[in-house]
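To keep things clear, I will list the structure first and then write my remarks on it.
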Amino acid sequence: MCESNLSRRQLLRYAALVGATFPALEAIGPDWSLADAVAAGGNAVPMNLELVTVTDTTAIITWFTGDPLRLDEFGRPRPVAAPGRVLIGTDPDPRTWKVVGRHDRTAYHYVEVTGLRPGRTYYWRAESKGRVAVATGVIPGSVLRGPAPPLFTTMLRPGGKEVGRVAWLNDLHFGEQVAGLAYSNPSLPGGGIPPGFPVDPEHPYWRFMGRGAVHDARMRGCNLLLANGDLSNESEPAALRECKRTLDAFGTLGGTDLVRPGDDPRYFVTRGNHDRQRPTVAAGLVDRFDKRFHRGFEKGTQHFSVAVGTGRARYRFVGLDSNDGETTGVLRRSELDYLEAELEKGEATIPLFHHPARATASATGLPPFAGGLDNDDARAFRRLLAKYPNAAGVYAGHTHRNDLSRNTETGRLPYFEGGAVKEYPGGYTVVRLFEKGYMVNFYKTRRRDARAWSERSRGEYFGLAPSYLLGGLQDRNWSYRVDARRRTRLAHGRESLHPGFAADASESLESVGALVD
């Protein structure tokens, strides 16, 4: 179905093997700034090529040009600006390919190819200064299933009219001081283990990554945004205030139970483990998260339910709290009861909460993301969904990776974990809702400083972050067929996971173009 991601044990083993090959990170310090100038000259080698997004009509391709002989303070190739372009066609013969996305000098290349035909297979490559870009190395990897397969097939829409467009964001971590730590200890080089990437206090990565993702989601036509946990670093009041201001730039918090096409933008949030209640000497447990975001919850709770669509077809998103006081990674009985009541309404329903509920979540997660939902709570949750054929998917964050999986109890039902906003791969997910199913596409945040930070932070975990966090093409881009036009429970067996692949077909390339940065 989709490319397998590394397990926690595999990734740590590979990290131990390659960790000694990286230079000592002695230069890391609080004065580090992402604003360091890109070299105007040097050996511009195009690398880290990734086919990030494939929709029914577009494809997004990113790569980096740097000098592998001149390393920065993190042991990464120093960025070198160079021009770039993409060549693409429907025939394997490169002589027939069209040049698109030609752009001026940059080290952080981003090309969005437009005008593609649904269900068509395309062949392509990316170049800078006449050199062909080399794909990101991942473990395990193959040419056809890696980060930049030389051919891809555009997706097919599930069918029916589009009735809504939703943005999924998770793991914003406003207020964080160091990225990429499995164990935090300020006395260690790089702030912990493995050595991390410190924040620029004048231009913190979480600020421009969060703002960029919110802006891009709005520009891609979403009028509902669901921020699924870990909005803050440790529930700091200042971090929560700034995060709310950032989300307010998208739209209004809560205030409705139905979002129709053309309605003013709204957003809702769930609580992550970093947002949970905190103990204080004077007042015991203090809930700073609820103080900021309570208007998005049903009164006296930390959950919500909002429908998206029209009078003809509708989806329902049910946000739950996977925390209980200081305890995290749990679903209280009250949360499951609330979900069951919402499922009884008969609409195509997608629950979301921060911790993944897949059966193997803890076994395949990497510290500090290893803890999925409590095993007993996760089983109770999956058994509940198995009773309701109108359950239409599950969305989680926490692991910072793009991952699509299934579980025995719920058959073909998709369980999706979204890549983090705040670090590599650095983006958000757009969900396009149709009468007969929905499409899911992960996007990297587009602004230049976001592209630079995503490139820098791919060096997390001794450079092995892409092997764990990026996911396969079909983890990031997939669709699910479900008839959202019904208002009663759906018949078992009618839903199916659909990767969007189709047979090759010839076409004219005259309509194919590109948006570049």
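For the structure tokens, the naming scheme is as follows: chains receive sequential letters (A, B, ...) according to their order of presentation, residues are indexed from 1 within each chain, and ligands are indexed from 1 in presentation order.
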Can you tell me, as a PDB file with N, CA, C and O atoms, in the first residue's frame, what residues are no more than 9 Å from range 426-432 of chain A when counting only C-alpha atoms, ignoring any on the same chain fewer than 6 positions away?
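Okay, this is what ended up in part04.pdb:
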ATOM      1  N   GLU A 162     -16.731  18.827  -4.946  1.00  0.00           N
ATOM      2  CA  GLU A 162     -15.965  19.174  -3.751  1.00  0.00           C
ATOM      3  C   GLU A 162     -16.869  19.959  -2.808  1.00  0.00           C
ATOM      4  O   GLU A 162     -17.524  20.919  -3.205  1.00  0.00           O
ATOM      5  N   VAL A 163     -16.888  19.534  -1.523  1.00  0.00           N
ATOM      6  CA  VAL A 163     -17.800  20.157  -0.552  1.00  0.00           C
ATOM      7  C   VAL A 163     -17.056  20.842   0.589  1.00  0.00           C
ATOM      8  O   VAL A 163     -17.693  21.406   1.490  1.00  0.00           O
ATOM      9  N   GLY A 164     -15.726  20.810   0.572  1.00  0.00           N
ATOM     10  CA  GLY A 164     -14.974  21.461   1.638  1.00  0.00           C
ATOM     11  C   GLY A 164     -13.489  21.229   1.487  1.00  0.00           C
ATOM     12  O   GLY A 164     -13.050  20.315   0.776  1.00  0.00           O
ATOM     13  N   ARG A 165     -12.713  22.083   2.170  1.00  0.00           N
ATOM     14  CA  ARG A 165     -11.259  21.963   2.135  1.00  0.00           C
ATOM     15  C   ARG A 165     -10.725  22.314   3.511  1.00  0.00           C
ATOM     16  O   ARG A 165     -10.968  23.406   4.027  1.00  0.00           O
ATOM     17  N   VAL A 166      -9.981  21.387   4.108  1.00  0.00           N
ATOM     18  CA  VAL A 166      -9.547  21.491   5.503  1.00  0.00           C
ATOM     19  C   VAL A 166      -8.037  21.390   5.570  1.00  0.00           C
ATOM     20  O   VAL A 166      -7.416  20.586   4.860  1.00  0.00           O
ATOM     21  N   ALA A 167      -7.426  22.185   6.447  1.00  0.00           N
ATOM     22  CA  ALA A 167      -5.991  22.102   6.698  1.00  0.00           C
ATOM     23  C   ALA A 167      -5.751  21.383   8.014  1.00  0.00           C
ATOM     24  O   ALA A 167      -6.380  21.695   9.027  1.00  0.00           O
ATOM     25  N   TRP A 168      -4.833  20.416   7.993  1.00  0.00           N
ATOM     26  CA  TRP A 168      -4.402  19.713   9.204  1.00  0.00           C
ATOM     27  C   TRP A 168      -2.988  20.186   9.540  1.00  0.00           C
ATOM     28  O   TRP A 168      -2.075  20.080   8.715  1.00  0.00           O
ATOM     29  N   LEU A 169      -2.801  20.693  10.751  1.00  0.00           N
ATOM     30  CA  LEU A 169      -1.491  21.111  11.249  1.00  0.00           C
ATOM     31  C   LEU A 169      -1.247  20.443  12.594  1.00  0.00           C
ATOM     32  O   LEU A 169      -2.162  20.333  13.406  1.00  0.00           O
ATOM     33  N   ASN A 170      -0.033  20.030  12.838  1.00  0.00           N
ATOM     34  CA  ASN A 170       0.301  19.468  14.146  1.00  0.00           C
ATOM     35  C   ASN A 170       1.755  19.761  14.491  1.00  0.00           C
ATOM     36  O   ASN A 170       2.578  20.009  13.618  1.00  0.00           O
ATOM     37  N   MET A 209       7.826  29.142  10.782  1.00  0.00           N
ATOM     38  CA  MET A 209       7.225  27.903  10.289  1.00  0.00           C
ATOM     39  C   MET A 209       5.721  27.902  10.554  1.00  0.00           C
ATOM     40  O   MET A 209       4.919  27.516   9.686  1.00  0.00           O
ATOM     41  N   GLY A 210       5.301  28.326  11.762  1.00  0.00           N
ATOM     42  CA  GLY A 210       3.889  28.388  12.081  1.00  0.00           C
ATOM     43  C   GLY A 210       3.146  29.393  11.228  1.00  0.00           C
ATOM     44  O   GLY A 210       2.087  29.098  10.664  1.00  0.00           O
ATOM     45  N   GLY A 212       4.048  30.604   8.354  1.00  0.00           N
ATOM     46  CA  GLY A 212       4.062  30.186   6.955  1.00  0.00           C
ATOM     47  C   GLY A 212       3.032  29.119   6.654  1.00  0.00           C
ATOM     48  O   GLY A 212       2.351  29.161   5.623  1.00  0.00           O
ATOM     49  N   ALA A 213       2.904  28.131   7.548  1.00  0.00           N
ATOM     50  CA  ALA A 213       1.938  27.057   7.327  1.00  0.00           C
ATOM     51  C   ALA A 213       0.509  27.590   7.355  1.00  0.00           C
ATOM     52  O   ALA A 213      -0.328  27.212   6.536  1.00  0.00           O
ATOM     53  N   VAL A 214       0.218  28.483   8.304  1.00  0.00           N
ATOM     54  CA  VAL A 214      -1.124  29.063   8.392  1.00  0.00           C
ATOM     55  C   VAL A 214      -1.434  29.875   7.137  1.00  0.00           C
ATOM     56  O   VAL A 214      -2.532  29.776   6.560  1.00  0.00           O
ATOM     57  N   ASP A 216      -0.053  29.570   4.099  1.00  0.00           N
ATOM     58  CA  ASP A 216      -0.168  28.697   2.930  1.00  0.00           C
ATOM     59  C   ASP A 216      -1.491  27.948   2.926  1.00  0.00           C
ATOM     60  O   ASP A 216      -2.108  27.756   1.863  1.00  0.00           O
ATOM     61  N   ALA A 217      -1.928  27.472   4.097  1.00  0.00           N
ATOM     62  CA  ALA A 217      -3.198  26.745   4.168  1.00  0.00           C
ATOM     63  C   ALA A 217      -4.355  27.605   3.694  1.00  0.00           C
ATOM     64  O   ALA A 217      -5.255  27.141   2.984  1.00  0.00           O
ATOM     65  N   ARG A 220      -4.292  28.062  -0.081  1.00  0.00           N
ATOM     66  CA  ARG A 220      -4.690  26.868  -0.831  1.00  0.00           C
ATOM     67  C   ARG A 220      -6.188  26.592  -0.714  1.00  0.00           C
ATOM     68  O   ARG A 220      -6.655  25.511  -1.085  1.00  0.00           O
ATOM     69  N   CYS A 222      -8.328  26.572   1.995  1.00  0.00           N
ATOM     70  CA  CYS A 222      -8.948  25.972   3.177  1.00  0.00           C
ATOM     71  C   CYS A 222      -9.721  27.032   3.961  1.00  0.00           C
ATOM     72  O   CYS A 222      -9.224  28.149   4.144  1.00  0.00           O
ATOM     73  N   GLY A 418       0.617  13.077  10.756  1.00  0.00           N
ATOM     74  CA  GLY A 418       1.072  14.168   9.918  1.00  0.00           C
ATOM     75  C   GLY A 418       2.458  14.657  10.280  1.00  0.00           C
ATOM     76  O   GLY A 418       2.845  14.713  11.452  1.00  0.00           O
ATOM     77  N   GLY A 419       3.230  15.035   9.264  1.00  0.00           N
ATOM     78  CA  GLY A 419       4.538  15.638   9.484  1.00  0.00           C
ATOM     79  C   GLY A 419       4.428  16.936  10.256  1.00  0.00           C
ATOM     80  O   GLY A 419       3.433  17.654  10.181  1.00  0.00           O
ATOM     81  N   ALA A 420       5.457  17.257  11.036  1.00  0.00           N
ATOM     82  CA  ALA A 420       5.425  18.417  11.917  1.00  0.00           C
ATOM     83  C   ALA A 420       5.485  19.718  11.131  1.00  0.00           C
ATOM     84  O   ALA A 420       6.137  19.806  10.085  1.00  0.00           O
ATOM     85  N   TYR A 438     -12.405  11.598  -0.033  1.00  0.00           N
ATOM     86  CA  TYR A 438     -11.550  12.752   0.206  1.00  0.00           C
ATOM     87  C   TYR A 438     -10.113  12.457  -0.214  1.00  0.00           C
ATOM     88  O   TYR A 438      -9.679  11.300  -0.276  1.00  0.00           O
ATOM     89  N   MET A 439      -9.385  13.539  -0.524  1.00  0.00           N
ATOM     90  CA  MET A 439      -7.979  13.469  -0.924  1.00  0.00           C
ATOM     91  C   MET A 439      -7.114  14.135   0.124  1.00  0.00           C
ATOM     92  O   MET A 439      -7.475  15.188   0.654  1.00  0.00           O
ATOM     93  N   VAL A 440      -5.970  13.545   0.409  1.00  0.00           N
ATOM     94  CA  VAL A 440      -5.042  14.043   1.422  1.00  0.00           C
ATOM     95  C   VAL A 440      -3.694  14.309   0.765  1.00  0.00           C
ATOM     96  O   VAL A 440      -3.135  13.421   0.109  1.00  0.00           O
ATOM     97  N   ASN A 441      -3.165  15.525   0.948  1.00  0.00           N
ATOM     98  CA  ASN A 441      -1.858  15.879   0.385  1.00  0.00           C
ATOM     99  C   ASN A 441      -1.054  16.683   1.388  1.00  0.00           C
ATOM    100  O   ASN A 441      -1.533  17.691   1.913  1.00  0.00           O
ATOM    101  N   PHE A 442       0.168  16.242   1.627  1.00  0.00           N
ATOM    102  CA  PHE A 442       1.094  16.973   2.489  1.00  0.00           C
ATOM    103  C   PHE A 442       1.868  17.986   1.657  1.00  0.00           C
ATOM    104  O   PHE A 442       2.335  17.679   0.555  1.00  0.00           O
ATOM    105  N   TYR A 443       2.020  19.205   2.191  1.00  0.00           N
ATOM    106  CA  TYR A 443       2.753  20.282   1.527  1.00  0.00           C
ATOM    107  C   TYR A 443       3.869  20.781   2.440  1.00  0.00           C
ATOM    108  O   TYR A 443       3.652  20.974   3.633  1.00  0.00           O
ATOM    109  N   LYS A 444       5.041  21.035   1.878  1.00  0.00           N
ATOM    110  CA  LYS A 444       6.061  21.776   2.602  1.00  0.00           C
ATOM    111  C   LYS A 444       5.687  23.258   2.623  1.00  0.00           C
ATOM    112  O   LYS A 444       5.167  23.788   1.638  1.00  0.00           O
ATOM    113  N   THR A 445       5.961  23.921   3.732  1.00  0.00           N
ATOM    114  CA  THR A 445       5.726  25.354   3.818  1.00  0.00           C
ATOM    115  C   THR A 445       6.647  26.070   2.837  1.00  0.00           C
ATOM    116  O   THR A 445       7.832  25.770   2.744  1.00  0.00           O
ATOM    117  N   ARG A 446       6.084  27.066   2.142  1.00  0.00           N
ATOM    118  CA  ARG A 446       6.725  27.571   0.937  1.00  0.00           C
ATOM    119  C   ARG A 446       7.706  28.722   1.157  1.00  0.00           C
ATOM    120  O   ARG A 446       8.659  28.893   0.389  1.00  0.00           O
ATOM    121  N   ALA A 450      11.381  29.233   5.636  1.00  0.00           N
ATOM    122  CA  ALA A 450      10.884  27.897   5.982  1.00  0.00           C
ATOM    123  C   ALA A 450      11.615  26.828   5.189  1.00  0.00           C
ATOM    124  O   ALA A 450      11.971  25.769   5.721  1.00  0.00           O
ATOM    125  N   ARG A 451      11.851  27.085   3.913  1.00  0.00           N
ATOM    126  CA  ARG A 451      12.591  26.117   3.099  1.00  0.00           C
ATOM    127  C   ARG A 451      14.029  25.968   3.600  1.00  0.00           C
ATOM    128  O   ARG A 451      14.586  24.858   3.625  1.00  0.00           O
ATOM    129  N   TRP A 453      15.057  26.466   6.734  1.00  0.00           N
ATOM    130  CA  TRP A 453      15.049  25.755   8.006  1.00  0.00           C
ATOM    131  C   TRP A 453      14.744  24.267   7.816  1.00  0.00           C
ATOM    132  O   TRP A 453      15.325  23.406   8.491  1.00  0.00           O
ATOM    133  N   SER A 454      13.840  23.934   6.913  1.00  0.00           N
ATOM    134  CA  SER A 454      13.554  22.522   6.659  1.00  0.00           C
ATOM    135  C   SER A 454      14.802  21.807   6.158  1.00  0.00           C
ATOM    136  O   SER A 454      15.059  20.650   6.519  1.00  0.00           O
ATOM    137  N   SER A 457      17.135  21.491   9.246  1.00  0.00           N
ATOM    138  CA  SER A 457      16.674  20.552  10.281  1.00  0.00           C
ATOM    139  C   SER A 457      16.563  19.119   9.779  1.00  0.00           C
ATOM    140  O   SER A 457      16.318  18.209  10.583  1.00  0.00           O
ATOM    141  N   ARG A 476       2.191  10.467   2.053  1.00  0.00           N
ATOM    142  CA  ARG A 476       1.933  11.903   1.981  1.00  0.00           C
ATOM    143  C   ARG A 476       0.770  12.261   1.072  1.00  0.00           C
ATOM    144  O   ARG A 476       0.190  13.345   1.194  1.00  0.00           O
TER     145      ARG A 476
END
Write down as a compact mmCIF listing (two decimals) with N, CA and C atoms, in the first residue's frame the residues belonging to range 42-283 of chain A that are assigned strand (DSSP E) by DSSP computed on the backbone.
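What landed in out26.txt:
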# COMPACT_ATOMS: atom_id res chain seq x y z
N VAL A 45 26.22 21.70 -5.85
CA VAL A 45 25.79 20.34 -6.16
C VAL A 45 24.31 20.20 -5.80
N PRO A 46 23.46 19.87 -6.78
CA PRO A 46 22.03 19.70 -6.48
C PRO A 46 21.77 18.36 -5.79
N MET A 47 21.18 18.41 -4.63
CA MET A 47 21.00 17.21 -3.81
C MET A 47 19.69 17.30 -3.03
N ASN A 48 19.41 16.25 -2.27
CA ASN A 48 18.21 16.19 -1.42
C ASN A 48 16.94 16.44 -2.21
N LEU A 49 16.88 15.88 -3.40
CA LEU A 49 15.71 16.01 -4.27
C LEU A 49 14.54 15.22 -3.68
N GLU A 50 13.37 15.87 -3.64
CA GLU A 50 12.18 15.21 -3.10
C GLU A 50 10.95 15.57 -3.91
N LEU A 51 10.22 14.57 -4.32
CA LEU A 51 8.88 14.75 -4.90
C LEU A 51 7.91 14.73 -3.72
N VAL A 52 7.57 15.91 -3.24
CA VAL A 52 6.86 16.02 -1.97
C VAL A 52 5.38 15.75 -2.13
N THR A 53 4.76 16.43 -3.09
CA THR A 53 3.31 16.44 -3.22
C THR A 53 2.91 16.06 -4.63
N VAL A 54 1.92 15.17 -4.75
CA VAL A 54 1.31 14.85 -6.04
C VAL A 54 -0.20 14.88 -5.84
N ALA A 59 2.22 18.82 -9.05
CA ALA A 59 3.29 18.10 -8.36
C ALA A 59 4.27 19.13 -7.81
N ILE A 60 4.78 18.91 -6.61
CA ILE A 60 5.73 19.84 -5.99
C ILE A 60 7.05 19.13 -5.77
N ILE A 61 8.10 19.77 -6.26
CA ILE A 61 9.45 19.20 -6.26
C ILE A 61 10.38 20.18 -5.55
N THR A 62 11.17 19.69 -4.61
CA THR A 62 12.13 20.54 -3.91
C THR A 62 13.51 19.90 -3.96
N TRP A 63 14.53 20.76 -3.94
CA TRP A 63 15.91 20.28 -3.80
C TRP A 63 16.78 21.39 -3.26
N PHE A 64 18.01 21.05 -2.99
CA PHE A 64 18.97 21.96 -2.34
C PHE A 64 20.25 21.95 -3.14
N THR A 65 20.88 23.12 -3.28
CA THR A 65 22.22 23.17 -3.88
C THR A 65 23.21 23.62 -2.82
N GLY A 66 24.23 22.83 -2.63
CA GLY A 66 25.24 23.12 -1.62
C GLY A 66 26.58 22.56 -2.02
N ASP A 67 27.58 22.93 -1.25
CA ASP A 67 28.95 22.49 -1.52
C ASP A 67 29.34 21.44 -0.48
N PRO A 68 29.38 20.16 -0.86
CA PRO A 68 29.70 19.11 0.11
C PRO A 68 31.14 19.16 0.61
N LEU A 69 31.99 19.99 -0.04
CA LEU A 69 33.37 20.13 0.41
C LEU A 69 33.54 21.28 1.40
N ARG A 70 32.50 22.07 1.59
CA ARG A 70 32.53 23.18 2.55
C ARG A 70 31.35 23.00 3.49
N LEU A 71 31.62 22.58 4.70
CA LEU A 71 30.55 22.25 5.64
C LEU A 71 30.30 23.41 6.58
N PRO A 77 26.41 20.43 4.17
CA PRO A 77 26.97 21.20 3.06
C PRO A 77 26.52 22.66 3.12
N ARG A 78 27.46 23.57 2.94
CA ARG A 78 27.12 24.99 2.97
C ARG A 78 26.28 25.33 1.75
N PRO A 79 25.18 26.09 1.92
CA PRO A 79 24.30 26.41 0.79
C PRO A 79 24.99 27.28 -0.25
N ALA A 82 22.11 28.74 -6.94
CA ALA A 82 22.26 28.32 -8.33
C ALA A 82 20.89 28.36 -8.99
N PRO A 83 20.83 28.55 -10.31
CA PRO A 83 19.54 28.46 -11.00
C PRO A 83 19.06 27.02 -11.05
N GLY A 84 17.80 26.83 -11.44
CA GLY A 84 17.27 25.48 -11.52
C GLY A 84 16.11 25.39 -12.49
N ARG A 85 15.75 24.15 -12.80
CA ARG A 85 14.60 23.89 -13.67
C ARG A 85 14.16 22.45 -13.50
N VAL A 86 12.95 22.15 -13.97
CA VAL A 86 12.41 20.80 -13.99
C VAL A 86 12.06 20.46 -15.43
N LEU A 87 12.34 19.24 -15.84
CA LEU A 87 11.94 18.73 -17.14
C LEU A 87 10.94 17.60 -16.90
N ILE A 88 9.84 17.58 -17.68
CA ILE A 88 8.78 16.63 -17.41
C ILE A 88 8.06 16.25 -18.71
N GLY A 89 7.61 15.02 -18.78
CA GLY A 89 6.88 14.56 -19.95
C GLY A 89 6.15 13.26 -19.67
N LYS A 98 9.26 18.64 -21.49
CA LYS A 98 9.12 20.09 -21.48
C LYS A 98 9.84 20.69 -20.28
N VAL A 99 10.49 21.82 -20.48
CA VAL A 99 11.13 22.54 -19.38
C VAL A 99 10.08 23.39 -18.67
N VAL A 100 9.96 23.22 -17.35
CA VAL A 100 9.03 24.02 -16.55
C VAL A 100 9.77 24.49 -15.30
N GLY A 101 9.24 25.52 -14.69
CA GLY A 101 9.79 25.96 -13.41
C GLY A 101 11.19 26.49 -13.47
N ARG A 102 11.60 27.03 -14.60
CA ARG A 102 12.94 27.62 -14.67
C ARG A 102 13.00 28.82 -13.72
N HIS A 103 14.04 28.91 -12.90
CA HIS A 103 14.09 29.97 -11.90
C HIS A 103 15.53 30.44 -11.67
N ASP A 104 15.62 31.63 -11.08
CA ASP A 104 16.91 32.25 -10.80
C ASP A 104 17.61 31.57 -9.63
N ARG A 105 18.74 32.12 -9.27
CA ARG A 105 19.63 31.51 -8.29
C ARG A 105 19.00 31.45 -6.89
N THR A 106 19.06 30.30 -6.30
CA THR A 106 18.67 30.08 -4.91
C THR A 106 19.33 28.78 -4.46
N TYR A 108 17.60 26.96 -2.18
CA TYR A 108 16.44 26.21 -1.68
C TYR A 108 15.36 26.22 -2.75
N HIS A 109 15.38 25.20 -3.58
CA HIS A 109 14.58 25.17 -4.80
C HIS A 109 13.20 24.57 -4.51
N TYR A 110 12.17 25.22 -5.05
CA TYR A 110 10.78 24.81 -4.84
C TYR A 110 10.03 25.06 -6.15
N VAL A 111 9.60 24.00 -6.81
CA VAL A 111 8.87 24.12 -8.07
C VAL A 111 7.54 23.40 -7.93
N GLU A 112 6.48 24.11 -8.20
CA GLU A 112 5.14 23.52 -8.23
C GLU A 112 4.71 23.41 -9.69
N VAL A 113 4.68 22.19 -10.21
CA VAL A 113 4.27 21.94 -11.59
C VAL A 113 2.75 21.93 -11.64
N THR A 114 2.17 22.71 -12.53
CA THR A 114 0.72 22.83 -12.64
C THR A 114 0.25 22.32 -14.01
N THR A 121 0.67 9.24 -16.01
CA THR A 121 2.02 8.97 -15.53
C THR A 121 3.00 9.94 -16.18
N TYR A 122 3.87 10.52 -15.36
CA TYR A 122 4.85 11.49 -15.84
C TYR A 122 6.26 11.04 -15.47
N TYR A 123 7.19 11.37 -16.37
CA TYR A 123 8.61 11.15 -16.15
C TYR A 123 9.27 12.52 -16.00
N TRP A 124 10.32 12.59 -15.18
CA TRP A 124 10.83 13.93 -14.87
C TRP A 124 12.25 13.86 -14.31
N ARG A 125 12.86 15.03 -14.25
CA ARG A 125 14.09 15.21 -13.49
C ARG A 125 14.22 16.71 -13.15
N ALA A 126 15.05 17.01 -12.17
CA ALA A 126 15.35 18.39 -11.78
C ALA A 126 16.83 18.64 -11.98
N GLU A 127 17.17 19.88 -12.36
CA GLU A 127 18.56 20.22 -12.65
C GLU A 127 18.92 21.58 -12.07
N SER A 128 20.19 21.74 -11.77
CA SER A 128 20.76 23.04 -11.44
C SER A 128 22.13 23.15 -12.10
N ARG A 131 23.50 20.15 -13.85
CA ARG A 131 23.68 18.91 -13.08
C ARG A 131 22.32 18.37 -12.66
N VAL A 132 22.14 17.07 -12.77
CA VAL A 132 20.89 16.44 -12.36
C VAL A 132 20.86 16.31 -10.84
N LEU A 151 9.36 8.50 -11.96
CA LEU A 151 8.06 8.62 -12.58
C LEU A 151 7.00 8.61 -11.49
N PHE A 152 5.88 9.26 -11.77
CA PHE A 152 4.77 9.28 -10.82
C PHE A 152 3.47 9.37 -11.60
N THR A 153 2.39 9.00 -10.96
CA THR A 153 1.06 9.07 -11.56
C THR A 153 0.20 9.99 -10.73
N GLU A 162 -16.73 18.83 -4.95
CA GLU A 162 -15.97 19.17 -3.75
C GLU A 162 -16.87 19.96 -2.81
N VAL A 163 -16.89 19.53 -1.52
CA VAL A 163 -17.80 20.16 -0.55
C VAL A 163 -17.06 20.84 0.59
N GLY A 164 -15.73 20.81 0.57
CA GLY A 164 -14.97 21.46 1.64
C GLY A 164 -13.49 21.23 1.49
N ARG A 165 -12.71 22.08 2.17
CA ARG A 165 -11.26 21.96 2.13
C ARG A 165 -10.73 22.31 3.51
N VAL A 166 -9.98 21.39 4.11
CA VAL A 166 -9.55 21.49 5.50
C VAL A 166 -8.04 21.39 5.57
N ALA A 167 -7.43 22.18 6.45
CA ALA A 167 -5.99 22.10 6.70
C ALA A 167 -5.75 21.38 8.01
N TRP A 168 -4.83 20.42 7.99
CA TRP A 168 -4.40 19.71 9.20
C TRP A 168 -2.99 20.19 9.54
N LEU A 169 -2.80 20.69 10.75
CA LEU A 169 -1.49 21.11 11.25
C LEU A 169 -1.25 20.44 12.59
N VAL A 178 15.37 24.30 21.34
CA VAL A 178 16.27 23.45 20.57
C VAL A 178 15.44 22.41 19.83
N ALA A 179 15.69 22.23 18.55
CA ALA A 179 14.96 21.25 17.75
C ALA A 179 15.77 19.97 17.61
N TYR A 183 16.59 13.57 23.96
CA TYR A 183 16.80 13.81 25.39
C TYR A 183 17.34 15.21 25.55
N SER A 184 16.68 16.04 26.34
CA SER A 184 17.07 17.43 26.51
C SER A 184 17.93 17.60 27.76
N GLY A 192 21.51 18.45 24.10
CA GLY A 192 20.96 17.15 24.47
C GLY A 192 21.46 16.08 23.53
N ILE A 193 20.70 14.97 23.45
CA ILE A 193 21.06 13.82 22.63
C ILE A 193 19.89 13.52 21.70
N PHE A 197 19.46 21.55 17.17
CA PHE A 197 19.62 22.78 16.41
C PHE A 197 18.98 23.91 17.20
N PRO A 198 19.77 24.81 17.76
CA PRO A 198 19.23 25.85 18.65
C PRO A 198 18.45 26.91 17.89
N LEU A 224 -11.27 25.80 6.95
CA LEU A 224 -11.24 25.19 8.28
C LEU A 224 -9.83 24.68 8.53
N LEU A 225 -9.28 25.02 9.68
CA LEU A 225 -7.95 24.57 10.09
C LEU A 225 -8.08 23.82 11.40
N LEU A 226 -7.49 22.64 11.47
CA LEU A 226 -7.49 21.82 12.68
C LEU A 226 -6.04 21.65 13.13
N ALA A 227 -5.70 22.26 14.27
CA ALA A 227 -4.35 22.18 14.82
C ALA A 227 -4.34 21.08 15.87
N ASN A 228 -3.66 19.97 15.56
CA ASN A 228 -3.82 18.74 16.33
C ASN A 228 -2.68 18.53 17.33
N THR A 252 -11.41 32.53 12.81
CA THR A 252 -12.01 32.63 14.14
C THR A 252 -11.95 31.28 14.84
N LEU A 253 -11.59 31.30 16.12
CA LEU A 253 -11.56 30.08 16.92
C LEU A 253 -12.99 29.64 17.23
N LEU A 258 -20.83 23.95 11.92
CA LEU A 258 -20.89 23.62 10.50
C LEU A 258 -20.14 24.68 9.71
N VAL A 259 -19.20 24.23 8.87
CA VAL A 259 -18.46 25.11 7.96
C VAL A 259 -18.84 24.73 6.54
N ARG A 266 -12.53 29.28 9.94
CA ARG A 266 -12.59 28.91 11.35
C ARG A 266 -11.43 27.96 11.66
N TYR A 267 -11.09 27.90 12.95
CA TYR A 267 -10.11 26.89 13.34
C TYR A 267 -10.47 26.32 14.71
N PHE A 268 -10.00 25.10 14.93
CA PHE A 268 -10.18 24.39 16.20
C PHE A 268 -8.84 23.75 16.56
N VAL A 269 -8.65 23.44 17.83
CA VAL A 269 -7.38 22.86 18.28
C VAL A 269 -7.64 21.67 19.18
N THR A 270 -6.67 20.78 19.26
CA THR A 270 -6.64 19.76 20.30
C THR A 270 -5.38 19.97 21.14
N ARG A 278 0.09 21.72 33.98
CA ARG A 278 1.39 21.77 34.63
C ARG A 278 1.23 22.02 36.12
N PRO A 279 2.06 21.35 36.95
CA PRO A 279 1.97 21.57 38.40
C PRO A 279 2.65 22.87 38.81
N THR A 280 2.05 23.57 39.75
CA THR A 280 2.65 24.78 40.33
C THR A 280 2.63 24.65 41.85
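Between CA of Thr256 in chain A and CA of Gly393 in chain A the separation is 22.2 Å.
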Pick out the closest residue to Glu344 in chain A from this set: A:Val421, A:Leu385, A:Met219, A:Leu285. Count only C-alpha atoms.
->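 Among A:Val421, A:Leu385, A:Met219, A:Leu285, it is A:Leu385 that comes nearest to Glu344 in chain A.
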Using only C-alpha atoms, which of A:Phe293, A:Phe74, A:Tyr338, A:Phe381 sits nearest Ser305 in chain A?
->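 Of A:Phe293, A:Phe74, A:Tyr338, A:Phe381, the one nearest Ser305 in chain A, counting only C-alpha atoms, is A:Tyr338.
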Contact table range 430-480 of chain A vs range 158-161 of chain A, cut-off 9 Å, shortest pair per residue, only C-alpha atoms, as JSON lines:
{"residue": "A:Leu433", "atom": "CA", "partner": "A:Lys161", "partner_atom": "CA", "distance": 8.5}
{"residue": "A:Phe434", "atom": "CA", "partner": "A:Lys161", "partner_atom": "CA", "distance": 5.4}
{"residue": "A:Glu435", "atom": "CA", "partner": "A:Gly160", "partner_atom": "CA", "distance": 4.8}
{"residue": "A:Lys436", "atom": "CA", "partner": "A:Gly159", "partner_atom": "CA", "distance": 5.1}
{"residue": "A:Gly437", "atom": "CA", "partner": "A:Pro158", "partner_atom": "CA", "distance": 5.0}
{"residue": "A:Tyr438", "atom": "CA", "partner": "A:Pro158", "partner_atom": "CA", "distance": 6.3}
{"residue": "A:Met439", "atom": "CA", "partner": "A:Pro158", "partner_atom": "CA", "distance": 7.4}
{"residue": "A:Ser479", "atom": "CA", "partner": "A:Pro158", "partner_atom": "CA", "distance": 7.1}
{"residue": "A:Tyr480", "atom": "CA", "partner": "A:Pro158", "partner_atom": "CA", "distance": 7.3}
